[in-house]
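K.L.:
One structure coming up, written as structure tokens, with questions to follow.
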2 protein chains.
Amino acid sequence: MKVIKKSKELQTLIEREKKKGKIIGLVPTMGYLHSGHISLIKRAKKDCGIVVVSIYVNPTQFGPGEDYQRYPRDLERDKKLAKEAGTDILFVPSDEEIYPDSFHTYIQVEELSGRLCGVSRPIHFRGVATIVAKLFNIVKPTKAYFGWKDAQQLIILKKMVKDLNMDVEVVGLPTVREKDGLAISSRNKYLSKQERKIAPILYQALVKAKKMVNSGENNSARVLQQAKDLIKKKKGVKIDYLKAINLIDLKDAKKIKKNTLIAIAAWIGKTRLIDNVII
Amino acid sequence: MKVIKKSKELQTLIEREKKKGKIIGLVPTMGYLHSGHISLIKRAKKDCGIVVVSIYVNPTQFGPGEDYQRYPRDLERDKKLAKEAGTDILFVPSDEEIYPDSFHTYIQVEELSGRLCGVSRPIHFRGVATIVAKLFNIVKPTKAYFGWKDAQQLIILKKMVKDLNMDVEVVGLPTVREKDGLAISSRNKYLSKQERKIAPILYQALVKAKKMVNSGENNSARVLQQAKDLIKKKKGVKIDYLKAINLIDLKDAKKIKKNTLIAIAAWIGKTRLIDNVII
């Protein structure tokens, strides 16, 4: 596995591999790799001749007061995990490399970016779209891999690719979970022991909702109310949103049907977690 | 010369040429080709194996009340001129092809887009950056050609390419002028005979400013005042802005030196024209 810090060097290397006919797969991450990332890397390795994993904690997707500073970082551990999972090239650019002085260009996927997490994180998806577009332009992958855990991110990136005619296939892979159902996330590290015990309630609420739908209930309000009631029984959980939405436009779905996403964001203590299930 | 309407078809064709080792040059236009465009196409033909000229009157760069509807269009004439100049592929997409329903993604080059023409045309450069990024992603040119007449556009596009790591060289070519100095523009067609007679005053004012600088005057305020005074002698010209600015950040330059741009936008009747000279 090669570890590369400079875009130019990476581009030269990838150009060479492309000339050999290699398919390039990209797994963009913010590091602190976990089994969710590993599943993306392994799938990329199956699909592609060369797997590039990027590790970059992207400042433009964190709002003021968010956890940019304390976001967990452990490059040595990441290198080991990335290598084991089959990464060919690990791209670890510096801030100066990605956002040189006077950087001022942003990509905004309007409408979609203002919904769900976009309400409490207004600049988040602009930052995500921008960094991913930059990585796409540097790496020029044939395929890029993202987890369905960040469903809104995935939907926004697919929209960006379509709207801007980017020549890359965005592949979404299923959320990886702990044994008790908690969606795996780098932010789980923030949870205290007590909070960690409570955290699976988010997924339990989504499962409850899904079960209601499977047994014939399609009224969103009723389904969501039951899920909310379940969460309210636990102390220490504050719901940011719990919604049934249409996968295409992220608008509220009054009736739950195929391709409805039931998505939650909630604070457990000072940690904001998200999760979702697709019907 | 091939005339192509669909992005997919264009991409297939270009992919094939690239595999043959051909360098692709792109000349994005809004059609109604004039000798400014022709100079871009001819230069592209010199540099590149395949020259793609796009013709698309881009609605997202026109504000409400601007001249989108009446912008001059003449595809048959354009085909003839493009072919004569050496165009290999003429790309003439439809609105549905470029902006399908639910299009929502825009590229904003902040700071630069709000200055000069951005003051009176607040969404203009967002539209320009977005359409050009789309064309870059469809055509994947090695080089793309633009005129210095639209200096702010050129500077913004260079910034977008740098900030978003786009792998294309943006080439700027000198403004082409009528014999009396008027910068050639599709919008000159809007001018009445009387207005056409007045129009060269814009360039005359810029030349006057440049002469002052060449003879040792470097105080912007004094230089611009003389240029403004010259214009004020003509009836029927309303200055939108006349500024000396720094080429990098488009901020006002108090002192005029190398790489200062003296730029003007003015209304002649109902027609807004722009021009500039570089020191």
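Residues in the structure tokens are numbered from 1 in each chain, the chains being A, B, ... in the order shown, and ligands are numbered from 1 in the order shown.
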Mind listing the strand (DSSP E or B) residues of range 33-267 of chain A, per DSSP on the backbone, as a PyMOL selection string?
P.N.:
chain A and resi 50-55+89-91+105-109+143-147+169-173+177+183+219+237-246+252+255+260-267
K.L.:
Can you pull out the residues contacting Pro59 in chain A? Cut-off 10 Å, using only C-alpha atoms, and skip same-chain residues under 3 positions away; I want them as a list in words.
P.N.:
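Using only C-alpha atoms, the neighbours found are Tyr56, Phe62, Gly63, Asp67, Tyr68, Gln69, Asp95, Tyr99, His124, Gly127, Val128 and Ile131 of chain A.
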K.L.:
Against chain A, which residues of chain B fall within 9 Å? For each one I want the closest pair of atoms and the distance in Å (one decimal), counting only C-alpha atoms, rows by chain and increasing residue number, as CSV.
P.N.:
residue,atom,partner,partner_atom,distance
B:Ser7,CA,A:Asn165,CA,8.8
B:Ile98,CA,A:Asp163,CA,8.3
B:Tyr99,CA,A:Asp163,CA,7.6
B:Pro100,CA,A:Asp163,CA,8.2
B:Ser102,CA,A:Asp249,CA,8.9
B:Phe103,CA,A:Asp163,CA,6.0
B:His104,CA,A:Glu110,CA,5.2
B:Thr105,CA,A:Val109,CA,4.2
B:Tyr106,CA,A:Gln108,CA,5.4
B:Ile107,CA,A:Ile107,CA,4.5
B:Gln108,CA,A:Tyr106,CA,5.4
B:Val109,CA,A:Thr105,CA,4.2
B:Glu110,CA,A:His104,CA,5.2
B:Glu111,CA,A:His104,CA,7.0
B:Leu112,CA,A:His104,CA,8.4
B:Thr130,CA,A:Leu164,CA,7.6
B:Ile131,CA,A:Leu164,CA,8.3
B:Ala133,CA,A:Leu164,CA,6.9
B:Lys134,CA,A:Leu164,CA,4.9
B:Leu135,CA,A:Asn165,CA,8.1
B:Phe136,CA,A:Asn165,CA,8.8
B:Asn137,CA,A:Met166,CA,5.5
B:Ile138,CA,A:Asn165,CA,6.1
B:Lys159,CA,A:Thr105,CA,7.8
B:Met160,CA,A:Thr105,CA,6.1
B:Lys162,CA,A:Phe103,CA,8.8
B:Asp163,CA,A:Phe103,CA,6.0
B:Leu164,CA,A:Lys134,CA,4.9
B:Asn165,CA,A:Lys134,CA,5.7
B:Met166,CA,A:Asn137,CA,5.5
B:Asp167,CA,A:Asn137,CA,7.0
B:Asp249,CA,A:Ser102,CA,8.9
K.L.:
Next, dump the selected residues to file, keeping only N, CA, C and O atoms, as a short mmCIF file (atom, residue, chain, number, x, y, z; two decimals), in the first residue's frame.
P.N.:
data_model
loop_
_atom_site.label_atom_id
_atom_site.label_comp_id
_atom_site.auth_asym_id
_atom_site.auth_seq_id
_atom_site.Cartn_x
_atom_site.Cartn_y
_atom_site.Cartn_z
N SER B 7 -25.39 14.26 -24.79
CA SER B 7 -24.14 14.14 -24.04
C SER B 7 -23.56 12.73 -24.15
O SER B 7 -22.35 12.57 -24.34
N ILE B 98 -29.41 19.46 -20.78
CA ILE B 98 -28.50 20.12 -19.83
C ILE B 98 -29.12 20.28 -18.44
O ILE B 98 -28.48 20.03 -17.43
N TYR B 99 -30.36 20.72 -18.41
CA TYR B 99 -31.03 20.94 -17.12
C TYR B 99 -32.31 20.13 -17.05
O TYR B 99 -33.41 20.68 -17.19
N PRO B 100 -32.20 18.83 -16.83
CA PRO B 100 -33.43 18.04 -16.72
C PRO B 100 -34.22 18.49 -15.49
O PRO B 100 -33.68 19.17 -14.60
N SER B 102 -35.78 18.94 -12.07
CA SER B 102 -35.25 18.73 -10.72
C SER B 102 -33.75 19.01 -10.65
O SER B 102 -33.11 18.67 -9.65
N PHE B 103 -33.19 19.64 -11.67
CA PHE B 103 -31.78 20.08 -11.59
C PHE B 103 -31.66 21.06 -10.43
O PHE B 103 -32.45 22.00 -10.33
N HIS B 104 -30.64 20.85 -9.60
CA HIS B 104 -30.54 21.69 -8.39
C HIS B 104 -29.12 21.95 -7.93
O HIS B 104 -28.92 22.40 -6.81
N THR B 105 -28.12 21.61 -8.74
CA THR B 105 -26.74 21.70 -8.26
C THR B 105 -25.99 22.85 -8.92
O THR B 105 -25.96 22.94 -10.14
N TYR B 106 -25.42 23.70 -8.11
CA TYR B 106 -24.72 24.87 -8.64
C TYR B 106 -23.33 25.01 -8.04
O TYR B 106 -23.10 24.63 -6.90
N ILE B 107 -22.45 25.55 -8.85
CA ILE B 107 -21.09 25.84 -8.39
C ILE B 107 -20.96 27.33 -8.21
O ILE B 107 -21.28 28.11 -9.11
N GLN B 108 -20.50 27.69 -7.03
CA GLN B 108 -20.37 29.12 -6.72
C GLN B 108 -18.90 29.41 -6.42
O GLN B 108 -18.33 28.84 -5.50
N VAL B 109 -18.30 30.26 -7.23
CA VAL B 109 -16.95 30.75 -6.93
C VAL B 109 -17.15 32.04 -6.14
O VAL B 109 -17.44 33.10 -6.70
N GLU B 110 -17.08 31.90 -4.82
CA GLU B 110 -17.44 33.03 -3.96
C GLU B 110 -16.42 34.17 -4.09
O GLU B 110 -15.38 34.00 -4.70
N GLU B 111 -16.74 35.29 -3.50
CA GLU B 111 -15.91 36.49 -3.58
C GLU B 111 -15.83 37.01 -5.03
O GLU B 111 -16.47 38.00 -5.36
N LEU B 112 -15.11 36.31 -5.88
CA LEU B 112 -14.90 36.79 -7.26
C LEU B 112 -16.22 37.03 -7.99
O LEU B 112 -16.34 37.95 -8.80
N THR B 130 -21.37 26.79 -13.39
CA THR B 130 -22.10 25.52 -13.41
C THR B 130 -22.15 24.92 -14.81
O THR B 130 -21.83 23.74 -15.00
N ILE B 131 -22.50 25.72 -15.81
CA ILE B 131 -22.58 25.16 -17.17
C ILE B 131 -21.19 24.75 -17.67
O ILE B 131 -21.04 23.70 -18.32
N ALA B 133 -18.62 23.78 -15.85
CA ALA B 133 -18.23 22.54 -15.16
C ALA B 133 -18.92 21.35 -15.80
O ALA B 133 -18.32 20.29 -16.00
N LYS B 134 -20.19 21.51 -16.14
CA LYS B 134 -20.93 20.42 -16.79
C LYS B 134 -20.27 20.08 -18.14
O LYS B 134 -20.04 18.91 -18.45
N LEU B 135 -19.97 21.10 -18.91
CA LEU B 135 -19.34 20.85 -20.22
C LEU B 135 -17.97 20.20 -20.04
O LEU B 135 -17.61 19.29 -20.79
N PHE B 136 -17.22 20.66 -19.05
CA PHE B 136 -15.91 20.03 -18.77
C PHE B 136 -16.10 18.55 -18.44
O PHE B 136 -15.33 17.70 -18.89
N ASN B 137 -17.11 18.25 -17.65
CA ASN B 137 -17.32 16.85 -17.25
C ASN B 137 -17.83 15.99 -18.41
O ASN B 137 -17.54 14.80 -18.47
N ILE B 138 -18.56 16.59 -19.30
CA ILE B 138 -19.06 15.84 -20.46
C ILE B 138 -17.93 15.63 -21.47
O ILE B 138 -17.71 14.52 -21.95
N LYS B 159 -10.21 30.03 -11.48
CA LYS B 159 -10.28 29.80 -10.03
C LYS B 159 -11.06 28.52 -9.74
O LYS B 159 -10.66 27.70 -8.90
N MET B 160 -12.17 28.33 -10.44
CA MET B 160 -12.97 27.11 -10.24
C MET B 160 -12.13 25.87 -10.53
O MET B 160 -12.14 24.90 -9.77
N LYS B 162 -8.93 25.51 -10.47
CA LYS B 162 -7.90 25.31 -9.44
C LYS B 162 -8.53 24.79 -8.14
O LYS B 162 -8.08 23.80 -7.58
N ASP B 163 -9.58 25.48 -7.70
CA ASP B 163 -10.17 25.12 -6.41
C ASP B 163 -10.76 23.71 -6.43
O ASP B 163 -10.71 22.99 -5.44
N LEU B 164 -11.36 23.32 -7.54
CA LEU B 164 -12.01 22.00 -7.59
C LEU B 164 -11.12 20.94 -8.24
O LEU B 164 -11.61 19.84 -8.54
N ASN B 165 -9.85 21.25 -8.45
CA ASN B 165 -8.90 20.26 -8.98
C ASN B 165 -9.33 19.69 -10.33
O ASN B 165 -9.15 18.49 -10.60
N MET B 166 -9.94 20.53 -11.16
CA MET B 166 -10.35 20.04 -12.48
C MET B 166 -9.12 19.92 -13.37
O MET B 166 -8.26 20.79 -13.38
N ASP B 167 -9.10 18.84 -14.12
CA ASP B 167 -7.90 18.54 -14.92
C ASP B 167 -8.05 19.11 -16.33
O ASP B 167 -8.17 18.37 -17.30
N ASP B 249 -7.62 38.87 -7.44
CA ASP B 249 -8.80 38.83 -6.55
C ASP B 249 -9.91 39.78 -6.98
O ASP B 249 -10.94 39.86 -6.33
#
K.L.:
Can you list, as an mmCIF file with all heavy atoms, in the first residue's frame, every protein, DNA or RNA residue that comes within 6 Å of Ser54 in chain B when you count only C-alpha atoms, leaving out same-chain residues fewer than 2 positions away?
P.N.:
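As a result, result-v1.cif now contains:
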data_model
loop_
_atom_site.group_PDB
_atom_site.id
_atom_site.type_symbol
_atom_site.label_atom_id
_atom_site.label_comp_id
_atom_site.auth_asym_id
_atom_site.auth_seq_id
_atom_site.Cartn_x
_atom_site.Cartn_y
_atom_site.Cartn_z
ATOM 1 N N PRO B 28 -16.448 26.559 -25.441
ATOM 2 C CA PRO B 28 -17.847 26.728 -25.050
ATOM 3 C C PRO B 28 -18.374 28.078 -25.547
ATOM 4 O O PRO B 28 -17.725 29.100 -25.333
ATOM 5 C CB PRO B 28 -17.808 26.725 -23.518
ATOM 6 C CG PRO B 28 -16.423 26.256 -23.140
ATOM 7 C CD PRO B 28 -15.545 26.687 -24.284
ATOM 8 N N THR B 29 -19.508 28.073 -26.212
ATOM 9 C CA THR B 29 -20.091 29.334 -26.693
ATOM 10 C C THR B 29 -21.602 29.340 -26.464
ATOM 11 O O THR B 29 -22.194 28.300 -26.195
ATOM 12 C CB THR B 29 -19.860 29.560 -28.204
ATOM 13 O OG1 THR B 29 -20.873 28.851 -28.945
ATOM 14 C CG2 THR B 29 -18.492 29.089 -28.662
ATOM 15 N N LEU B 90 -19.572 19.671 -33.225
ATOM 16 C CA LEU B 90 -20.404 20.772 -32.727
ATOM 17 C C LEU B 90 -21.438 20.161 -31.779
ATOM 18 O O LEU B 90 -22.231 19.304 -32.175
ATOM 19 C CB LEU B 90 -21.101 21.466 -33.899
ATOM 20 C CG LEU B 90 -21.756 22.812 -33.596
ATOM 21 C CD1 LEU B 90 -20.706 23.876 -33.273
ATOM 22 C CD2 LEU B 90 -22.619 23.269 -34.771
ATOM 23 N N PHE B 91 -21.409 20.605 -30.524
ATOM 24 C CA PHE B 91 -22.322 20.059 -29.510
ATOM 25 C C PHE B 91 -23.431 21.079 -29.273
ATOM 26 O O PHE B 91 -23.178 22.202 -28.833
ATOM 27 C CB PHE B 91 -21.538 19.789 -28.219
ATOM 28 C CG PHE B 91 -22.358 19.204 -27.106
ATOM 29 C CD1 PHE B 91 -23.231 18.130 -27.332
ATOM 30 C CD2 PHE B 91 -22.245 19.690 -25.810
ATOM 31 C CE1 PHE B 91 -23.973 17.578 -26.298
ATOM 32 C CE2 PHE B 91 -22.981 19.141 -24.768
ATOM 33 C CZ PHE B 91 -23.848 18.098 -25.009
ATOM 34 N N VAL B 92 -24.650 20.693 -29.626
ATOM 35 C CA VAL B 92 -25.791 21.609 -29.496
ATOM 36 C C VAL B 92 -26.886 20.934 -28.662
ATOM 37 O O VAL B 92 -27.903 20.484 -29.180
ATOM 38 C CB VAL B 92 -26.338 22.036 -30.871
ATOM 39 C CG1 VAL B 92 -25.443 23.071 -31.510
ATOM 40 C CG2 VAL B 92 -26.477 20.851 -31.816
#
K.L.:
With distances taken over only C-alpha atoms, which residue among B:Asn58, B:Trp148, B:Leu116, B:Arg70 lies nearest Ser94 in chain B?
P.N.:
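Nearest candidate to Ser94 in chain B out of B:Asn58, B:Trp148, B:Leu116, B:Arg70: B:Asn58.
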K.L.:
Name all residues at most 10 Å from range 211-217 of chain A (count only C-alpha atoms; drop same-chain ones fewer than 6 positions away) and give them as a list of chain:residue names.
P.N.:
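Final neighbour list, sorted by chain and number: A:Ala205, A:Val223, A:Leu224, A:Gln226, A:Ala227, A:Lys255, A:Ile256, A:Lys257, A:Ile279.
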K.L.:
Restricting the calculation to only C-alpha atoms, which member of B:Ile231, B:Val57, B:Ile248, B:Phe146 is positioned closest to Val176 in chain B?
P.N.:
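The closest residue to Val176 in chain B is B:Phe146.
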K.L.:
Can you work out the spacing between CA of Val53 in chain A and CA of Glu66 in chain A in Å, to one decimal?
P.N.:
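Taking CA of Val53 in chain A as the start and CA of Glu66 in chain A as the end point, the length is 24.7 Å.
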K.L.:
Which residues are close to Ala144 in chain B, i.e. within 8 Å by only C-alpha atoms, leaving aside same-chain residues fewer than 6 positions away? Reply as a short mmCIF file (atom, residue, chain, number, x, y, z; two decimals) with N, CA and C atoms, in the first residue's frame.
P.N.:
data_model
loop_
_atom_site.label_atom_id
_atom_site.label_comp_id
_atom_site.auth_asym_id
_atom_site.auth_seq_id
_atom_site.Cartn_x
_atom_site.Cartn_y
_atom_site.Cartn_z
N GLY B 25 -9.81 19.72 -27.43
CA GLY B 25 -9.96 21.13 -27.10
C GLY B 25 -11.43 21.51 -27.10
N LEU B 26 -11.84 22.32 -26.12
CA LEU B 26 -13.25 22.71 -26.04
C LEU B 26 -13.39 24.22 -26.14
N VAL B 27 -14.32 24.66 -26.97
CA VAL B 27 -14.67 26.08 -27.05
C VAL B 27 -16.15 26.22 -26.70
N PRO B 28 -16.45 26.56 -25.44
CA PRO B 28 -17.85 26.73 -25.05
C PRO B 28 -18.37 28.08 -25.55
N ALA B 44 -7.68 26.60 -30.93
CA ALA B 44 -7.92 25.23 -30.43
C ALA B 44 -7.48 24.21 -31.48
N VAL B 168 -8.08 20.42 -16.42
CA VAL B 168 -8.22 21.08 -17.72
C VAL B 168 -7.47 22.40 -17.66
N GLU B 169 -6.86 22.76 -18.77
CA GLU B 169 -6.15 24.03 -18.84
C GLU B 169 -7.07 25.07 -19.46
N VAL B 170 -7.34 26.14 -18.72
CA VAL B 170 -8.18 27.21 -19.24
C VAL B 170 -7.29 28.23 -19.96
N VAL B 171 -7.51 28.38 -21.25
CA VAL B 171 -6.68 29.26 -22.07
C VAL B 171 -7.47 30.53 -22.39
#
K.L.:
B:Ala151, B:Leu173, B:Ile89, B:Met1: which is nearest Ile38 in chain B, counting only C-alpha atoms?
P.N.:
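Looking at the shortest contact to Ile38 in chain B, the residue is B:Leu173.
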K.L.:
Where in range 195-236 of chain B does DSSP assign helix (DSSP H, G or I), given as a ChimeraX atom specification?
P.N.:
/B:195-198,201-214,220-232
K.L.:
I want to know what sits within 12 Å of Lys83 in chain A, based on only C-alpha atoms, with residues of the same chain fewer than 2 positions away left out; could you give that as a tab-separated table (two decimals) with N, CA and C atoms, in the first residue's frame?
P.N.:
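Below you can see selection_39.tsv, which holds the result:
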chain	number	residue	atom	x	y	z
A	1	MET	N	0.85	-1.21	0.00
A	1	MET	CA	0.00	0.00	0.00
A	1	MET	C	0.88	1.25	0.00
A	2	LYS	N	0.61	2.13	-0.96
A	2	LYS	CA	1.35	3.39	-1.00
A	2	LYS	C	0.59	4.47	-0.23
A	3	VAL	N	1.32	5.25	0.55
A	3	VAL	CA	0.70	6.37	1.26
A	3	VAL	C	1.14	7.66	0.58
A	33	LEU	N	-10.98	4.63	10.87
A	33	LEU	CA	-11.70	3.59	10.11
A	33	LEU	C	-12.36	2.57	11.03
A	38	ILE	N	-14.45	-0.53	6.29
A	38	ILE	CA	-13.79	-1.74	5.81
A	38	ILE	C	-14.67	-2.46	4.78
A	41	ILE	N	-14.22	-0.71	1.54
A	41	ILE	CA	-12.91	-0.98	0.91
A	41	ILE	C	-12.91	-2.38	0.29
A	42	LYS	N	-13.46	-3.34	1.04
A	42	LYS	CA	-13.46	-4.72	0.53
A	42	LYS	C	-14.31	-4.85	-0.73
A	45	LYS	N	-12.43	-3.37	-3.55
A	45	LYS	CA	-11.36	-4.29	-3.97
A	45	LYS	C	-11.92	-5.39	-4.88
A	51	VAL	N	-7.64	0.30	-5.58
A	51	VAL	CA	-8.50	0.93	-4.59
A	51	VAL	C	-7.76	2.07	-3.91
A	52	VAL	N	-8.33	3.27	-4.06
A	52	VAL	CA	-7.79	4.45	-3.39
A	52	VAL	C	-8.69	4.76	-2.20
A	53	VAL	N	-8.11	4.85	-1.02
A	53	VAL	CA	-8.85	5.29	0.16
A	53	VAL	C	-8.30	6.66	0.56
A	75	LEU	N	-3.99	7.96	12.50
A	75	LEU	CA	-3.50	7.59	11.17
A	75	LEU	C	-2.77	6.25	11.17
A	76	GLU	N	-2.00	5.99	12.23
A	76	GLU	CA	-1.23	4.74	12.22
A	76	GLU	C	-2.16	3.52	12.22
A	77	ARG	N	-3.18	3.61	13.06
A	77	ARG	CA	-4.19	2.55	13.11
A	77	ARG	C	-4.91	2.44	11.75
A	78	ASP	N	-5.25	3.58	11.18
A	78	ASP	CA	-5.95	3.61	9.88
A	78	ASP	C	-5.11	2.94	8.79
A	79	LYS	N	-3.81	3.23	8.80
A	79	LYS	CA	-2.93	2.65	7.77
A	79	LYS	C	-3.00	1.12	7.83
A	80	LYS	N	-2.92	0.61	9.05
A	80	LYS	CA	-2.93	-0.85	9.25
A	80	LYS	C	-4.27	-1.43	8.74
A	81	LEU	N	-5.35	-0.82	9.16
A	81	LEU	CA	-6.68	-1.33	8.78
A	81	LEU	C	-6.92	-1.22	7.27
A	85	ALA	N	-7.44	-4.35	4.59
A	85	ALA	CA	-8.70	-4.47	3.83
A	85	ALA	C	-8.46	-4.50	2.32
A	86	GLY	N	-7.22	-4.21	1.89
A	86	GLY	CA	-6.93	-4.32	0.47
A	86	GLY	C	-6.68	-3.00	-0.25
A	87	THR	N	-6.51	-1.92	0.52
A	87	THR	CA	-6.24	-0.62	-0.09
A	87	THR	C	-4.91	-0.65	-0.87
A	88	ASP	N	-4.92	-0.10	-2.08
A	88	ASP	CA	-3.68	0.02	-2.85
A	88	ASP	C	-2.99	1.34	-2.59
A	89	ILE	N	-3.79	2.41	-2.52
A	89	ILE	CA	-3.24	3.74	-2.33
A	89	ILE	C	-4.02	4.45	-1.23
A	90	LEU	N	-3.31	4.92	-0.22
A	90	LEU	CA	-3.94	5.70	0.84
A	90	LEU	C	-3.58	7.16	0.61
K.L.:
Given the choices A:Arg272, A:Lys193, A:His34, A:Lys179, which gets closest to Lys238 in chain A if the distance is worked out from only C-alpha atoms?
P.N.:
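Checking each of A:Arg272, A:Lys193, A:His34, A:Lys179 against Lys238 in chain A, counting only C-alpha atoms, the winner is A:Arg272.
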K.L.:
When you look at Leu261 in chain B with a cut-off of 9 Å (counting only C-alpha atoms), what residues show up, excluding the ones that are within fewer than 2 positions of it in the same chain? I need them as number ranges by chain.
P.N.:
B: 151, 243-247, 250, 253, 256, 258-259, 263, 276-279
